[in-house]
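So this block is final-v4.pdb, PDB, C-alpha atoms:
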ATOM      1  CA  MET V   1      21.908  17.018  -6.891
ATOM      2  CA  ARG V   2      24.264  14.595  -5.077
ATOM      3  CA  PHE V   3      22.990  11.113  -4.324
ATOM      4  CA  GLN V   4      24.087   8.724  -1.618
ATOM      5  CA  VAL V   5      26.465   6.073  -2.897
ATOM      6  CA  PRO V   6      24.305   3.074  -1.831
ATOM      7  CA  ALA V   7      21.332   4.384  -3.791
ATOM      8  CA  LEU V   8      23.416   5.013  -6.893
ATOM      9  CA  VAL V   9      25.049   1.572  -6.700
ATOM     10  CA  PHE V  10      21.599   0.030  -6.276
ATOM     11  CA  LEU V  11      20.344   1.755  -9.405
ATOM     12  CA  LEU V  12      23.313   0.710 -11.497
ATOM     13  CA  ALA V  13      23.027  -2.895 -10.328
ATOM     14  CA  ALA V  14      19.314  -2.916 -11.011
ATOM     15  CA  ALA V  15      19.737  -1.798 -14.624
ATOM     16  CA  SER V  16      20.334  -5.406 -15.666
ATOM     17  CA  PRO V  17      17.432  -7.727 -16.549
ATOM     18  CA  GLY V  18      19.329 -10.401 -14.614
ATOM     19  CA  PHE V  19      18.141  -8.655 -11.457
ATOM     20  CA  ALA V  20      14.579  -9.844 -12.104
ATOM     21  CA  SER V  21      12.977 -12.085  -9.528
ATOM     22  CA  GLU V  22      10.141 -14.103 -11.065
ATOM     23  CA  ASP V  23      11.391 -17.325  -9.472
ATOM     24  CA  ILE V  24      11.590 -15.949  -5.921
ATOM     25  CA  PRO V  25       8.163 -16.347  -4.284
ATOM     26  CA  ASP V  26       8.766 -13.873  -1.446
ATOM     27  CA  GLN V  27      11.795 -11.716  -0.598
ATOM     28  CA  TYR V  28      10.415 -10.401   2.718
ATOM     29  CA  PRO V  29       8.805 -13.331   4.607
ATOM     30  CA  GLN V  30       8.133 -11.311   7.764
ATOM     31  CA  SER V  31       5.706  -9.054   5.866
ATOM     32  CA  VAL V  32       2.929  -9.501   3.309
ATOM     33  CA  LEU V  33       4.997  -7.126   1.165
ATOM     34  CA  TYR V  34       7.067  -8.953  -1.426
ATOM     35  CA  SER V  35      10.134  -6.849  -0.579
ATOM     36  CA  LYS V  36      11.131  -4.255   1.982
ATOM     37  CA  PRO V  37      11.116  -0.646   0.711
ATOM     38  CA  VAL V  38      14.495   0.715  -0.374
ATOM     39  CA  GLU V  39      15.577   4.344  -0.709
ATOM     40  CA  VAL V  40      16.172   4.774  -4.431
ATOM     41  CA  ILE V  41      17.364   8.371  -4.151
ATOM     42  CA  PRO V  42      17.181  10.536  -1.018
ATOM     43  CA  HIS V  43      13.586  10.709   0.262
ATOM     44  CA  VAL V  44      12.139   8.532  -2.529
ATOM     45  CA  TRP V  45      11.424   4.937  -1.540
ATOM     46  CA  SER V  46       9.972   1.923  -3.328
ATOM     47  CA  ALA V  47       8.896  -1.565  -2.289
ATOM     48  CA  ILE V  48       9.712  -3.495  -5.461
ATOM     49  CA  GLY V  49       7.102  -6.091  -6.346
ATOM     50  CA  ALA V  50       7.542  -9.523  -7.852
ATOM     51  CA  THR V  51       7.882  -9.670 -11.628
ATOM     52  CA  ALA V  52       5.709 -12.806 -11.618
ATOM     53  CA  PRO V  53       1.910 -12.735 -11.967
ATOM     54  CA  PRO V  54      -0.037 -12.042  -8.752
ATOM     55  CA  SER V  55      -0.251 -15.022  -6.407
ATOM     56  CA  TYR V  56      -0.946 -15.982  -2.816
ATOM     57  CA  GLU V  57       2.814 -16.228  -2.231
ATOM     58  CA  ASN V  58       3.473 -12.625  -3.312
ATOM     59  CA  SER V  59       0.125 -11.385  -1.892
ATOM     60  CA  GLY V  60      -0.574  -9.549  -5.149
ATOM     61  CA  HIS V  61       2.474  -7.344  -4.598
ATOM     62  CA  ASN V  62       3.713  -7.680  -8.158
ATOM     63  CA  ASN V  63       3.958  -3.955  -8.845
ATOM     64  CA  ASN V  64       6.039  -1.228  -7.244
ATOM     65  CA  LEU V  65       4.651   0.572  -4.205
ATOM     66  CA  SER V  66       6.535   3.834  -3.881
ATOM     67  CA  PHE V  67       6.471   6.785  -1.499
ATOM     68  CA  ILE V  68       7.998  10.243  -1.337
ATOM     69  CA  VAL V  69       8.971  11.783   2.011
ATOM     70  CA  THR V  70       8.555  15.466   1.204
ATOM     71  CA  GLY V  71       9.373  17.097   4.546
ATOM     72  CA  GLU V  72       5.738  18.158   4.944
ATOM     73  CA  GLY V  73       4.089  14.783   4.512
ATOM     74  CA  VAL V  74       4.317  11.546   2.548
ATOM     75  CA  VAL V  75       2.943  10.938  -0.950
ATOM     76  CA  VAL V  76       2.283   7.271  -1.757
ATOM     77  CA  VAL V  77       2.201   5.985  -5.331
ATOM     78  CA  ASN V  78      -0.120   2.953  -5.603
ATOM     79  CA  ALA V  79      -2.519   1.837  -2.915
ATOM     80  CA  GLY V  80      -1.636  -1.867  -3.099
ATOM     81  CA  ALA V  81      -3.588  -4.930  -4.194
ATOM     82  CA  CYS V  82      -5.436  -5.421  -0.883
ATOM     83  CA  THR V  83      -5.968  -3.822   2.506
ATOM     84  CA  GLN V  84      -3.286  -5.965   4.133
ATOM     85  CA  LEU V  85      -0.666  -4.768   1.626
ATOM     86  CA  ALA V  86      -1.662  -1.134   2.127
ATOM     87  CA  GLN V  87      -1.408  -1.510   5.902
ATOM     88  CA  ALA V  88       1.965  -3.260   5.619
ATOM     89  CA  LEU V  89       3.303  -0.462   3.431
ATOM     90  CA  HIS V  90       2.033   2.095   5.941
ATOM     91  CA  GLU V  91       3.903   0.313   8.744
ATOM     92  CA  GLU V  92       7.099   0.501   6.694
ATOM     93  CA  ILE V  93       6.549   4.220   6.071
ATOM     94  CA  LYS V  94       6.196   4.775   9.824
ATOM     95  CA  GLN V  95       9.617   3.160  10.311
ATOM     96  CA  VAL V  96      11.140   5.673   7.885
ATOM     97  CA  THR V  97       9.451   8.906   8.984
ATOM     98  CA  ASP V  98       7.049  10.470  11.476
ATOM     99  CA  GLU V  99       5.474  12.506   8.676
ATOM    100  CA  PRO V 100       1.828  11.604   7.963
ATOM    101  CA  VAL V 101       0.690  10.242   4.625
ATOM    102  CA  LYS V 102      -1.075  13.141   2.927
ATOM    103  CA  LEU V 103      -1.877  11.744  -0.525
ATOM    104  CA  VAL V 104      -2.149   8.431  -2.380
ATOM    105  CA  ILE V 105      -1.792   8.390  -6.171
ATOM    106  CA  ASN V 106      -3.252   5.488  -8.187
ATOM    107  CA  GLU V 107      -1.062   4.909 -11.250
ATOM    108  CA  ASN V 108      -3.989   3.355 -13.175
ATOM    109  CA  GLY V 109      -7.287   1.558 -12.625
ATOM    110  CA  GLN V 110      -5.875  -1.936 -12.061
ATOM    111  CA  GLY V 111      -6.344  -3.870  -8.847
ATOM    112  CA  HIS V 112      -2.802  -3.575  -7.558
ATOM    113  CA  ALA V 113      -3.048   0.206  -7.913
ATOM    114  CA  MET V 114      -6.495   0.691  -6.336
ATOM    115  CA  LEU V 115      -7.709  -2.220  -4.211
ATOM    116  CA  GLY V 116      -5.864  -0.869  -1.185
ATOM    117  CA  ASN V 117      -7.681   2.476  -1.459
ATOM    118  CA  ALA V 118     -10.196   1.688   1.278
ATOM    119  CA  TYR V 119      -7.413   1.331   3.846
ATOM    120  CA  TRP V 120      -5.983   4.748   2.988
ATOM    121  CA  ALA V 121      -9.424   6.360   2.879
ATOM    122  CA  GLY V 122      -9.992   4.947   6.360
ATOM    123  CA  GLN V 123      -6.890   6.843   7.473
ATOM    124  CA  GLY V 124      -8.399  10.050   6.112
ATOM    125  CA  VAL V 125      -5.960  10.223   3.182
ATOM    126  CA  PRO V 126      -7.179  11.677  -0.150
ATOM    127  CA  ILE V 127      -6.696   9.483  -3.226
ATOM    128  CA  LEU V 128      -5.856  10.850  -6.679
ATOM    129  CA  ALA V 129      -6.278   9.153 -10.067
ATOM    130  CA  GLN V 130      -6.670  10.081 -13.702
ATOM    131  CA  ALA V 131     -10.332  10.227 -14.731
ATOM    132  CA  ASP V 132     -10.163   7.266 -17.151
ATOM    133  CA  ALA V 133      -8.579   5.090 -14.448
ATOM    134  CA  ALA V 134     -11.384   5.998 -12.054
ATOM    135  CA  THR V 135     -13.962   5.044 -14.696
ATOM    136  CA  GLU V 136     -12.175   1.761 -15.399
ATOM    137  CA  PHE V 137     -12.136   0.818 -11.728
ATOM    138  CA  GLY V 138     -15.747   1.904 -11.315
ATOM    139  CA  ASP V 139     -16.832  -0.294 -14.214
ATOM    140  CA  ARG V 140     -14.695  -3.344 -13.437
ATOM    141  CA  GLY V 141     -14.214  -3.064  -9.677
ATOM    142  CA  PRO V 142     -16.337  -6.077  -8.659
ATOM    143  CA  GLN V 143     -14.554  -8.298 -11.194
ATOM    144  CA  ILE V 144     -11.131  -7.001 -10.114
ATOM    145  CA  LEU V 145     -11.968  -7.629  -6.455
ATOM    146  CA  ALA V 146     -13.234 -11.154  -7.197
ATOM    147  CA  GLN V 147     -10.015 -11.996  -9.068
ATOM    148  CA  MET V 148      -7.902 -10.794  -6.155
ATOM    149  CA  ARG V 149      -9.975 -12.806  -3.671
ATOM    150  CA  GLY V 150      -9.431 -15.855  -5.866
ATOM    151  CA  TYR V 151      -5.651 -15.891  -5.493
ATOM    152  CA  ASN V 152      -5.243 -14.063  -2.163
ATOM    153  CA  LYS V 153      -7.765 -16.110  -0.138
ATOM    154  CA  ASP V 154      -7.498 -15.106   3.546
ATOM    155  CA  LYS V 155      -5.159 -12.223   2.678
ATOM    156  CA  ALA V 156      -8.094 -10.553   0.911
ATOM    157  CA  GLU V 157      -9.954 -10.165   4.205
ATOM    158  CA  GLY V 158     -11.016  -6.583   4.864
ATOM    159  CA  THR V 159     -10.586  -5.412   1.272
ATOM    160  CA  VAL V 160     -13.568  -3.522  -0.122
ATOM    161  CA  LEU V 161     -14.015  -1.336  -3.177
ATOM    162  CA  GLN V 162     -13.053   2.323  -2.860
ATOM    163  CA  GLY V 163     -12.441   4.572  -5.826
ATOM    164  CA  PRO V 164     -10.284   7.698  -5.860
ATOM    165  CA  THR V 165     -11.553  10.780  -4.056
ATOM    166  CA  GLU V 166     -10.150  13.184  -6.663
ATOM    167  CA  THR V 167      -9.563  12.899 -10.415
ATOM    168  CA  PHE V 168      -7.817  14.946 -13.082
ATOM    169  CA  GLU V 169      -7.505  14.842 -16.875
ATOM    170  CA  ASP V 170      -4.020  15.786 -18.113
ATOM    171  CA  GLU V 171      -1.876  16.898 -15.187
ATOM    172  CA  LYS V 172      -1.988  17.514 -11.449
ATOM    173  CA  VAL V 173       0.859  19.448  -9.837
ATOM    174  CA  ILE V 174       1.555  19.021  -6.125
ATOM    175  CA  GLU V 175       3.960  21.330  -4.283
ATOM    176  CA  MET V 176       4.790  19.717  -0.957
ATOM    177  CA  GLY V 177       7.874  20.297   1.127
ATOM    178  CA  ARG V 178      11.086  19.813  -0.801
ATOM    179  CA  PHE V 179       9.319  18.329  -3.846
ATOM    180  CA  ARG V 180       7.446  19.486  -6.903
ATOM    181  CA  ILE V 181       5.426  16.441  -7.978
ATOM    182  CA  GLU V 182       3.859  16.427 -11.443
ATOM    183  CA  VAL V 183       1.310  13.656 -12.019
ATOM    184  CA  LYS V 184       1.006  13.351 -15.776
ATOM    185  CA  ASN V 185      -1.253  11.526 -18.188
ATOM    186  CA  LEU V 186       1.146  11.288 -21.123
ATOM    187  CA  GLY V 187      -1.386   9.640 -23.421
ATOM    188  CA  PRO V 188      -2.671   6.104 -23.999
ATOM    189  CA  ALA V 189      -0.304   3.351 -22.914
ATOM    190  CA  HIS V 190      -0.756   0.012 -21.210
ATOM    191  CA  SER V 191      -4.210   0.547 -19.676
ATOM    192  CA  PRO V 192      -6.789   3.343 -19.280
ATOM    193  CA  GLY V 193      -5.683   6.228 -17.102
ATOM    194  CA  ASP V 194      -1.987   5.342 -16.842
ATOM    195  CA  VAL V 195       0.000   8.125 -15.216
ATOM    196  CA  ALA V 196       3.649   8.949 -14.646
ATOM    197  CA  VAL V 197       4.770  10.757 -11.492
ATOM    198  CA  TRP V 198       7.550  13.143 -12.507
ATOM    199  CA  LEU V 199       9.925  14.755 -10.016
ATOM    200  CA  PRO V 200      11.658  17.421 -12.137
ATOM    201  CA  GLY V 201      13.965  18.596  -9.364
ATOM    202  CA  GLN V 202      15.347  15.074  -8.969
ATOM    203  CA  SER V 203      15.115  14.000 -12.639
ATOM    204  CA  LEU V 204      13.270  10.884 -11.490
ATOM    205  CA  VAL V 205      10.061   9.483 -12.925
ATOM    206  CA  ILE V 206       7.840   6.897 -11.273
ATOM    207  CA  ALA V 207       6.740   5.639 -14.665
ATOM    208  CA  GLY V 208       3.937   3.250 -13.836
ATOM    209  CA  ASP V 209       2.969   0.993 -16.703
ATOM    210  CA  MET V 210       4.306   3.340 -19.337
ATOM    211  CA  ALA V 211       7.636   1.547 -19.021
ATOM    212  CA  PHE V 212       8.827  -2.052 -18.523
ATOM    213  CA  HIS V 213      12.264  -3.673 -18.520
ATOM    214  CA  GLU V 214      12.544  -6.847 -16.381
ATOM    215  CA  ARG V 215       9.302  -8.521 -17.346
ATOM    216  CA  LEU V 216       7.654  -8.733 -20.730
ATOM    217  CA  LEU V 217       5.044  -6.031 -21.027
ATOM    218  CA  PRO V 218       1.458  -7.312 -21.305
ATOM    219  CA  ILE V 219      -0.833  -6.175 -24.114
ATOM    220  CA  PHE V 220      -4.478  -6.117 -23.043
ATOM    221  CA  GLU V 221      -7.513  -6.127 -25.295
ATOM    222  CA  ASP V 222      -7.788  -2.359 -24.867
ATOM    223  CA  THR V 223      -4.041  -1.653 -25.179
ATOM    224  CA  GLY V 224      -3.427   0.381 -28.323
ATOM    225  CA  THR V 225       0.173  -0.309 -29.268
ATOM    226  CA  ALA V 226       0.330   2.414 -31.940
ATOM    227  CA  ALA V 227      -1.025   4.960 -29.458
ATOM    228  CA  TRP V 228       1.439   3.735 -26.807
ATOM    229  CA  LEU V 229       4.314   4.458 -29.175
ATOM    230  CA  GLU V 230       2.994   7.993 -29.701
ATOM    231  CA  SER V 231       2.691   8.512 -25.941
ATOM    232  CA  TRP V 232       6.220   7.198 -25.528
ATOM    233  CA  GLU V 233       7.540  10.329 -27.222
ATOM    234  CA  ASN V 234       6.001  12.407 -24.416
ATOM    235  CA  PHE V 235       7.659  10.100 -21.897
ATOM    236  CA  GLU V 236      11.061  10.427 -23.589
ATOM    237  CA  ALA V 237      10.688  14.202 -23.571
ATOM    238  CA  LEU V 238      10.983  14.162 -19.770
ATOM    239  CA  GLU V 239      14.653  13.159 -20.206
ATOM    240  CA  ALA V 240      14.571  11.392 -16.857
ATOM    241  CA  THR V 241      17.844  10.245 -15.342
ATOM    242  CA  TYR V 242      16.195   7.714 -13.032
ATOM    243  CA  VAL V 243      13.159   5.537 -13.759
ATOM    244  CA  ILE V 244      11.102   3.573 -11.256
ATOM    245  CA  PRO V 245       8.941   1.454 -13.577
ATOM    246  CA  GLY V 246       5.582  -0.019 -12.710
ATOM    247  CA  HIS V 247       7.203  -3.448 -12.410
ATOM    248  CA  GLY V 248      10.845  -4.273 -11.794
ATOM    249  CA  HIS V 249      13.778  -2.523 -10.199
ATOM    250  CA  PRO V 250      14.715   1.138 -10.633
ATOM    251  CA  THR V 251      16.740   1.688 -13.771
ATOM    252  CA  ASN V 252      17.362   4.246 -16.512
ATOM    253  CA  MET V 253      15.733   5.421 -19.726
ATOM    254  CA  ASP V 254      17.948   3.283 -21.970
ATOM    255  CA  GLN V 255      16.739   0.072 -20.338
ATOM    256  CA  VAL V 256      13.027   0.865 -20.429
ATOM    257  CA  ARG V 257      13.329   2.113 -24.003
ATOM    258  CA  ARG V 258      14.956  -1.184 -24.991
ATOM    259  CA  TYR V 259      12.237  -3.340 -23.441
ATOM    260  CA  THR V 260       9.190  -1.153 -23.996
ATOM    261  CA  LYS V 261       9.416   1.029 -27.100
ATOM    262  CA  ASP V 262      11.800  -1.282 -28.929
ATOM    263  CA  TYR V 263       9.698  -4.342 -28.106
ATOM    264  CA  LEU V 264       6.524  -2.681 -29.372
ATOM    265  CA  VAL V 265       8.288  -1.597 -32.574
ATOM    266  CA  PHE V 266       9.740  -5.103 -32.999
ATOM    267  CA  LEU V 267       6.472  -6.953 -32.464
ATOM    268  CA  ARG V 268       4.473  -4.608 -34.679
ATOM    269  CA  GLY V 269       7.129  -5.009 -37.379
ATOM    270  CA  GLU V 270       6.958  -8.804 -37.220
ATOM    271  CA  ILE V 271       3.163  -8.764 -37.376
ATOM    272  CA  ARG V 272       3.252  -6.318 -40.299
ATOM    273  CA  LYS V 273       5.481  -8.728 -42.228
ATOM    274  CA  LEU V 274       3.103 -11.568 -41.412
ATOM    275  CA  LEU V 275       0.092  -9.576 -42.620
ATOM    276  CA  ASP V 276       1.883  -8.577 -45.811
ATOM    277  CA  GLU V 277       2.578 -12.262 -46.478
ATOM    278  CA  GLY V 278      -1.078 -13.160 -45.986
ATOM    279  CA  GLY V 279      -0.612 -14.891 -42.647
ATOM    280  CA  GLY V 280      -3.472 -15.455 -40.218
ATOM    281  CA  LEU V 281      -4.072 -15.146 -36.503
ATOM    282  CA  GLU V 282      -2.896 -18.680 -35.831
ATOM    283  CA  ASP V 283       0.454 -17.814 -37.451
ATOM    284  CA  ALA V 284       0.857 -14.785 -35.205
ATOM    285  CA  PHE V 285       1.152 -16.994 -32.135
ATOM    286  CA  TYR V 286       4.362 -18.454 -33.561
ATOM    287  CA  VAL V 287       6.111 -15.203 -34.481
ATOM    288  CA  ASP V 288       9.700 -15.468 -33.255
ATOM    289  CA  GLN V 289      10.051 -13.297 -30.141
ATOM    290  CA  SER V 290      13.184 -15.041 -28.881
ATOM    291  CA  PRO V 291      15.178 -11.785 -28.439
ATOM    292  CA  TYR V 292      12.908 -11.150 -25.446
ATOM    293  CA  ALA V 293      12.671 -14.708 -24.121
ATOM    294  CA  HIS V 294      14.912 -13.906 -21.136
ATOM    295  CA  LEU V 295      12.317 -11.539 -19.660
ATOM    296  CA  ASP V 296      10.073 -12.657 -16.820
ATOM    297  CA  THR V 297       6.466 -13.535 -17.818
ATOM    298  CA  PHE V 298       7.595 -14.236 -21.405
ATOM    299  CA  ASP V 299       6.010 -17.693 -21.382
ATOM    300  CA  GLU V 300       2.711 -16.337 -20.074
ATOM    301  CA  LEU V 301       2.462 -13.330 -22.383
ATOM    302  CA  ALA V 302       4.414 -13.602 -25.639
ATOM    303  CA  LYS V 303       1.863 -15.535 -27.711
ATOM    304  CA  ARG V 304      -1.053 -13.574 -26.273
ATOM    305  CA  ASN V 305       0.698 -10.302 -27.096
ATOM    306  CA  ALA V 306       1.304 -11.366 -30.683
ATOM    307  CA  GLY V 307      -2.304 -12.387 -31.156
ATOM    308  CA  ARG V 308      -3.627  -9.102 -29.828
ATOM    309  CA  VAL V 309      -1.263  -7.040 -31.970
ATOM    310  CA  PHE V 310      -2.350  -9.050 -35.008
ATOM    311  CA  GLU V 311      -6.014  -8.330 -34.250
ATOM    312  CA  GLN V 312      -5.231  -4.623 -33.882
ATOM    313  CA  MET V 313      -3.087  -4.268 -36.967
ATOM    314  CA  GLU V 314      -5.454  -6.242 -39.143
ATOM    315  CA  PHE V 315      -7.748  -3.221 -39.117
ATOM    316  CA  GLU V 316      -5.235  -0.345 -38.959
TER     317      GLU V 316
END

Can you give me the file's structure in the form of structure tokens?
Amino acid sequence: MRFQVPALVFLLAAASPGFASEDIPDQYPQSVLYSKPVEVIPHVWSAIGATAPPSYENSGHNNNLSFIVTGEGVVVVNAGACTQLAQALHEEIKQVTDEPVKLVINENGQGHAMLGNAYWAGQGVPILAQADAATEFGDRGPQILAQMRGYNKDKAEGTVLQGPTETFEDEKVIEMGRFRIEVKNLGPAHSPGDVAVWLPGQSLVIAGDMAFHERLLPIFEDTGTAAWLESWENFEALEATYVIPGHGHPTNMDQVRRYTKDYLVFLRGEIRKLLDEGGGLEDAFYVDQSPYAHLDTFDELAKRNAGRVFEQMEFE
């Protein structure tokens, strides 16, 4: 498949961690979106979110909001962190195509994937998520909504809880227009119900939180790093040429491998050495992670990540 030169140049430029944007509060001031959607390859667009934590300045748009113009309708990946973000993304879609949005896919059960669901449901659009993500959002929805209201203030107005309208377990295949879209649960990764949206005809994967490269990946209390490494093998097996990660600019498999798999292997190795030497939790916070210090959110996450990996590995 031949790609337009601007899209290819964009991808090559974006493969560098120097393209990260944690220090830029808003790249698209005329919209609540953090950045204007760009066409990554023909008919596949993404509004790249901030690599900083969610804030009033970025409106909670700190993940990637993507959409696929299939020729028979639009498929959106991620509903957005609030109703205003979902509506703003919809307005951008209308500038690109007259095709209606026919499906929204939630990449996981986190707020920036699902809190915009109510807007899309109000447009009559079905919403798809993996079953574990739906359960996660159902259990934690009020807390997730309260957190978003805390930083988004007036921008949270109109946002109410709405879960997905359809769930699946392992895979959901959508044939629409020029695209075959495979929504895959590749196994445990960053959070419950993470999915990757694989476009085999284009060799492009919208990876969600399976893959990171411009910001340090976060390890939650329920993130199993050993299981994530096992799931990574399923991700590698796709042999994707192009990767739109959950956070950060479109890139390639080498970059996300370097900053996801290799980071997990590195951190687990350092914690294993610490455990073998009889070190404790307090020592884990000071494990040297300087090879990754250039990544956005390093200061916020590095010590927390080390502590959580220590707590996991202590009982492996």

Glu136 of chain V surroundings by only C-alpha atoms, 9 Å radius, close-in-sequence under 2 positions cut, as a VMD selection string
chain V and resid 108 to 110 131 to 134 138 to 141 192 to 193

Name every residue that the PyMOL selection byres ((chain V and resi 43) around 6) selects in this structure, writing the answer as a list in words with chains first and numbers rising.
Pro42, Val44, Ile68 and Val69 of chain V

With the PyMOL selection byres ((chain V and resi 177) around 7) as the selection, what would be picked from this file? Answer as a count of residues only, please.
7

Skip segment 219-233 of chain V itself and residues of its chain fewer than 2 positions away, then list as a ChimeraX atom specification all residues within 12 Å of it, counting only C-alpha atoms.
/V:110,136,184-196,207,209-212,216-217,235-239,253,256-257,260-269,298,300-313,316

Chain and number of each residue from the PyMOL selection byres ((chain V and resi 119-121) around 9), as number ranges by chain:
V: 79, 82-84, 86-87, 90, 101, 103-104, 115-118, 122-127, 158-160, 162, 164-165
